[in-house]
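Undergrad: Pasting entry-v6.txt here (compact mmCIF, C-alpha atoms):
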# COMPACT_ATOMS: atom_id res chain seq x y z
CA MET A 1 -16.13 0.46 5.39
CA ASN A 2 -17.21 2.12 8.64
CA ALA A 3 -17.43 5.84 7.94
CA SER A 4 -19.27 6.64 11.18
CA LEU A 5 -16.08 6.53 13.28
CA ALA A 6 -14.33 9.13 11.12
CA ARG A 7 -17.47 11.23 10.83
CA SER A 8 -17.84 11.24 14.61
CA ALA A 9 -14.36 12.81 14.75
CA GLY A 10 -15.58 15.65 12.52
CA LEU A 11 -14.06 14.43 9.24
CA ALA A 12 -15.89 14.72 5.93
CA VAL A 13 -16.05 11.15 4.62
CA GLU A 14 -17.65 9.79 1.48
CA THR A 15 -18.17 6.05 1.02
CA ASP A 16 -18.35 6.08 -2.78
CA LEU A 17 -16.38 7.89 -5.48
CA THR A 18 -19.60 8.97 -7.17
CA ALA A 19 -20.16 11.34 -4.24
CA VAL A 20 -17.23 13.53 -5.37
CA GLU A 21 -18.06 13.47 -9.09
CA LYS A 22 -19.54 16.96 -8.94
CA ARG A 23 -16.13 18.32 -7.87
CA ALA A 24 -14.29 16.82 -10.86
CA PRO A 25 -12.07 17.16 -12.76
CA PHE A 26 -9.17 16.58 -10.37
CA ASP A 27 -5.49 17.21 -11.10
CA CYS A 28 -4.45 14.29 -8.92
CA ILE A 29 -6.10 11.32 -7.24
CA THR A 30 -4.10 9.55 -4.56
CA LEU A 31 -4.91 6.02 -3.39
CA TRP A 32 -2.31 5.57 -0.67
CA HIS A 33 -2.62 2.07 0.78
CA SER A 34 -6.34 2.11 0.08
CA LEU A 35 -6.83 0.27 -3.23
CA GLU A 36 -6.24 -3.08 -1.52
CA HIS A 37 -9.20 -2.30 0.78
CA MET A 38 -11.68 -1.48 -2.00
CA GLN A 39 -14.43 -3.96 -2.79
CA ASP A 40 -13.93 -3.54 -6.55
CA ALA A 41 -10.41 -2.46 -7.47
CA HIS A 42 -11.11 -2.39 -11.22
CA ALA A 43 -14.19 -0.18 -10.82
CA THR A 44 -12.29 2.15 -8.47
CA ILE A 45 -9.48 2.75 -10.97
CA ASP A 46 -11.88 2.99 -13.90
CA PHE A 47 -14.02 5.61 -12.17
CA SER A 48 -10.90 7.48 -11.00
CA ARG A 49 -9.97 7.92 -14.68
CA LYS A 50 -13.34 9.60 -15.26
CA LEU A 51 -12.69 12.01 -12.37
CA LEU A 52 -9.23 13.10 -13.52
CA ASN A 53 -8.39 16.00 -15.78
CA PRO A 54 -8.11 14.12 -19.11
CA HIS A 55 -4.99 16.03 -20.20
CA THR A 56 -2.88 16.48 -17.08
CA GLY A 57 -4.49 14.36 -14.35
CA LEU A 58 -2.20 12.09 -12.35
CA LEU A 59 -3.06 8.92 -10.44
CA LEU A 60 -0.76 7.97 -7.54
CA LEU A 61 -1.07 4.49 -6.02
CA ALA A 62 0.72 2.81 -3.13
CA VAL A 63 0.07 -0.85 -2.27
CA PRO A 64 1.94 -3.68 -0.54
CA ASP A 65 4.03 -5.57 -3.11
CA ALA A 66 2.75 -9.15 -3.13
CA GLY A 67 5.55 -10.07 -5.54
CA GLY A 68 8.35 -8.58 -3.45
CA LEU A 69 10.99 -10.23 -1.28
CA GLN A 70 8.99 -9.92 1.94
CA ALA A 71 5.90 -11.58 0.53
CA ARG A 72 7.94 -14.44 -0.92
CA CYS A 73 10.00 -14.94 2.24
CA PHE A 74 7.14 -14.96 4.72
CA GLY A 75 4.05 -16.23 2.89
CA ASP A 76 1.04 -16.28 5.22
CA ARG A 77 3.15 -14.67 8.00
CA TRP A 78 3.86 -11.57 5.92
CA PHE A 79 2.77 -8.53 7.90
CA HIS A 80 1.31 -6.69 4.90
CA LEU A 81 -0.90 -9.62 3.89
CA ASP A 82 -3.38 -8.26 6.47
CA VAL A 83 -6.34 -10.50 5.63
CA PRO A 84 -9.28 -9.85 5.83
CA ARG A 85 -8.77 -6.08 5.78
CA HIS A 86 -6.89 -6.37 2.50
CA LEU A 87 -9.29 -7.64 -0.13
CA TYR A 88 -6.73 -7.55 -2.97
CA HIS A 89 -2.97 -8.04 -3.25
CA PHE A 90 -0.97 -6.73 -6.19
CA THR A 91 2.30 -7.52 -7.89
CA TYR A 92 3.96 -5.05 -10.25
CA GLN A 93 2.61 -7.06 -13.18
CA SER A 94 -0.98 -7.27 -11.92
CA LEU A 95 -1.08 -3.57 -11.06
CA GLN A 96 0.30 -2.71 -14.49
CA LYS A 97 -2.37 -4.92 -16.10
CA LEU A 98 -5.11 -3.25 -14.02
CA LEU A 99 -3.93 0.21 -15.07
CA ASP A 100 -3.66 -0.81 -18.71
CA SER A 101 -7.17 -2.31 -18.73
CA THR A 102 -8.64 0.91 -17.33
CA GLY A 103 -6.98 3.27 -19.80
CA PHE A 104 -3.85 4.35 -17.90
CA ASN A 105 -0.18 4.40 -18.79
CA LEU A 106 2.20 3.62 -15.95
CA LEU A 107 4.70 6.48 -15.87
CA ARG A 108 7.03 5.54 -13.05
CA SER A 109 7.32 3.11 -10.17
CA TRP A 110 9.10 3.14 -6.83
CA HIS A 111 9.78 0.03 -4.77
CA GLN A 112 10.14 1.21 -1.20
CA GLU A 113 8.41 3.18 1.52
CA PHE A 114 10.89 3.27 4.36
CA GLU A 115 8.55 2.90 7.34
CA TYR A 116 6.23 0.37 5.67
CA ASP A 117 9.09 -1.73 4.35
CA LEU A 118 11.09 -1.69 7.58
CA LEU A 119 8.07 -2.62 9.70
CA GLY A 120 7.19 -5.28 7.14
CA TRP A 121 10.53 -7.04 7.66
CA THR A 122 10.49 -6.65 11.44
CA GLN A 123 6.92 -7.72 12.09
CA SER A 124 7.07 -10.58 9.60
CA ILE A 125 10.13 -12.03 11.33
CA LEU A 126 8.34 -11.73 14.69
CA ASN A 127 5.25 -13.37 13.18
CA ARG A 128 7.43 -16.40 12.46
CA LEU A 129 8.69 -16.51 16.04
CA LEU A 130 5.76 -15.51 18.26
CA PRO A 131 2.29 -17.06 18.56
CA THR A 132 0.46 -13.71 18.56
CA PRO A 133 0.54 -12.17 15.05
CA ASN A 134 1.40 -8.50 14.54
CA LEU A 135 2.04 -7.97 18.26
CA PHE A 136 4.89 -5.46 17.79
CA PHE A 137 2.72 -3.36 15.46
CA HIS A 138 -0.15 -3.47 17.96
CA GLN A 139 2.21 -2.34 20.71
CA LEU A 140 3.50 0.54 18.58
CA THR A 141 -0.06 1.65 17.80
CA ARG A 142 -1.25 1.03 21.38
CA ARG A 143 -3.89 -1.50 20.40
CA LYS A 144 -5.16 -3.90 23.01
CA ASN A 145 -3.82 -7.44 22.89
CA ALA A 146 -4.10 -10.53 25.04
CA ALA A 147 -0.42 -11.52 24.87
CA GLY A 148 1.36 -12.28 28.14
CA ALA A 149 4.17 -10.21 29.64
CA LEU A 150 6.93 -12.51 28.35
CA GLN A 151 5.64 -12.37 24.79
CA ARG A 152 5.16 -8.59 24.95
CA GLY A 153 8.70 -8.10 26.25
CA THR A 154 10.12 -10.40 23.60
CA SER A 155 8.20 -8.50 20.95
CA TRP A 156 9.63 -5.14 22.07
CA LEU A 157 13.23 -6.38 22.26
CA GLY A 158 12.94 -8.32 19.03
CA GLY A 159 11.26 -5.43 17.30
CA VAL A 160 14.15 -3.08 18.08
CA ALA A 161 16.83 -5.65 17.22
CA PHE A 162 15.19 -6.87 14.02
CA SER A 163 14.51 -3.31 12.84
CA ALA A 164 18.22 -2.56 13.00
CA GLY A 165 19.10 -5.88 11.38
CA ALA A 166 16.54 -5.43 8.58
CA LEU A 167 18.11 -2.24 7.18
CA PRO A 168 20.35 -4.15 4.72
CA LEU A 169 17.33 -6.21 3.59
CA LEU A 170 15.37 -3.03 3.03
CA ALA A 171 18.19 -1.67 0.87
CA LEU A 172 18.41 -4.95 -1.06
CA GLY A 173 14.67 -4.99 -1.80
CA THR A 174 14.87 -1.44 -3.12
CA LEU A 175 17.96 -2.14 -5.20
CA ILE A 176 16.43 -5.14 -6.98
CA ARG A 177 13.00 -3.47 -7.22
CA GLN A 178 11.39 -6.09 -4.98
CA GLY A 179 10.54 -4.04 -1.87
CA GLY A 180 7.63 -4.55 0.50
CA THR A 181 5.76 -1.62 -1.04
CA LEU A 182 4.95 -0.67 -4.60
CA ILE A 183 4.23 2.94 -5.58
CA VAL A 184 3.23 3.97 -9.08
CA ALA A 185 2.37 7.15 -10.93
CA ALA A 186 0.00 6.78 -13.90
CA GLN A 187 -1.68 9.06 -16.39
CA ILE A 188 -4.59 8.61 -18.76
CA ARG A 189 -3.36 6.86 -21.90
CA ASP A 190 -1.96 8.94 -24.78
CA ASN A 191 -1.26 11.95 -22.61
CA ILE A 192 2.26 13.34 -22.39
CA ALA A 193 3.85 12.66 -19.03
CA PRO A 194 5.69 15.39 -17.13
CA ALA A 195 9.41 14.90 -17.78
CA GLU A 196 10.24 14.31 -14.12
CA LEU A 197 7.76 11.39 -13.92
CA ARG A 198 8.67 9.53 -17.10
CA SER A 199 9.94 5.99 -16.52
CA ARG A 200 13.67 5.62 -16.41
Turn the structure described in the file into structure tokens.

TA:
Amino acid sequence: MNASLARSAGLAVETDLTAVEKRAPFDCITLWHSLEHMQDAHATIDFSRKLLNPHTGLLLLAVPDAGGLQARCFGDRWFHLDVPRHLYHFTYQSLQKLLDSTGFNLLRSWHQEFEYDLLGWTQSILNRLLPTPNLFFHQLTRRKNAAGALQRGTSWLGGVAFSAGALPLLALGTLIRQGGTLIVAAQIRDNIAPAELRSR
């Protein structure tokens, strides 16, 4: 939404998918924790289909799982809710419906990203306990915050302790396919999926 910061660091940034149309077709398009930030998720996926190689192109998506254990346990304190930066939130079913409506077949899904899921449990627990939301994450990423010394210290100690304690929860979420993160691989409908990506 603010490309000037990245451009000032020397990165080539486009603000619209149409800007890369001349480079198509692509073998793979990856939307890694970015679809939830797009102003029109349906249009983004639909146009991505037009950019992919129609026979072998692969779409990889990673989003927070709004239907997972973390989201259901923590509600508006869930770390990955991240409003207003996240404009959309997806469950497995809603993401599958979006892909189906834009001409994709879902090939395979994964239900965990270790660092995202672990931090999701830890920060969400702290969000229940501390008045300043996402403080541990802000400390890890060295963002400025107005929290006092006691709250910052509690956040650090709690963050370490809860991260260790959350490991069994992370394993449980993965086992029952209800993790904090949802990753899917999709291909344009009616194409033959590579054997290693076919749903099990």

Undergrad: Which residues of range 3-80 of chain A come within 12 Å of range 104-109 of chain A, and what is each one's closest atom pair and distance in Å (one decimal), counting all atoms listed in the file, sorted by chain and residue number, as a tab-separated table?

TA:
residue	atom	partner	partner_atom	distance
A:His42	CA	A:Phe104	CA	11.9
A:Ile45	CA	A:Phe104	CA	9.1
A:Asp46	CA	A:Phe104	CA	9.1
A:Phe47	CA	A:Phe104	CA	11.7
A:Ser48	CA	A:Phe104	CA	10.3
A:Arg49	CA	A:Phe104	CA	7.8
A:Lys50	CA	A:Phe104	CA	11.2
A:Leu52	CA	A:Phe104	CA	11.2
A:Pro54	CA	A:Phe104	CA	10.7
A:His55	CA	A:Phe104	CA	12.0
A:Gly57	CA	A:Phe104	CA	10.6
A:Leu58	CA	A:Leu107	CA	9.6
A:Leu59	CA	A:Phe104	CA	8.8
A:Leu60	CA	A:Ser109	CA	9.8
A:Leu61	CA	A:Ser109	CA	9.5
A:Ala62	CA	A:Ser109	CA	9.7
A:Val63	CA	A:Ser109	CA	11.4
A:Asp65	CA	A:Ser109	CA	11.7

Undergrad: Give me, as a list in words, all polymer residues having an atom no more than 6 Å from Pro64 in chain A, counting all atoms listed in the file and skipping those fewer than 3 positions away in the same chain.

TA: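 The residues satisfying every condition are Gly180, Thr181 and Leu182 of chain A.
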
Undergrad: Just C-alpha atoms for this one: save the residues we selected as a CSV table (one decimal), in the frame of the given file.

TA:
chain,number,residue,atom,x,y,z
A,180,GLY,CA,7.6,-4.6,0.5
A,181,THR,CA,5.8,-1.6,-1.0
A,182,LEU,CA,5.0,-0.7,-4.6

Undergrad: CA of Cys73 in chain A and CA of Pro168 in chain A are how many Å apart?

TA: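 So the answer is 15.2 Å.
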
Undergrad: What separation in Å, quoted to one decimal, exists between CA of Ser4 in chain A and CA of Ala19 in chain A?

TA: 16.1 Å

Undergrad: Mind listing as a VMD selection string all residues within 9 Å of (9.1, -10.9, 4.9), counting all atoms listed in the file?

TA: chain A and resid 68 to 75 77 to 80 120 to 125 180

Undergrad: Counting only C-alpha atoms, I want the residues whose atoms come within 12 Å of (5.3, 0.0, 19.3) in the file frame, returned as a PyMOL selection string.

TA: chain A and resi 119+122-123+134-144+152-153+155-160+163

Undergrad: For CA of Thr15 in chain A and CA of Tyr116 in chain A, determine how far apart the two atoms are, in Å to one decimal place.

TA: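 CA of Tyr116 in chain A lies 25.5 Å from CA of Thr15 in chain A.
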
Undergrad: Which residue is closest to Val83 in chain A? Choose from A:His37, A:Asn53, A:Asn145, A:Arg7 and count only C-alpha atoms.

TA: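 Closest candidate: A:His37.
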
Undergrad: Given the choices A:Asp27, A:Arg177, A:Leu98, A:Val13, which gets closest to Asp40 in chain A if the distance is worked out from only C-alpha atoms?

TA: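 Selected residue with least distance to Asp40 in chain A: A:Leu98.
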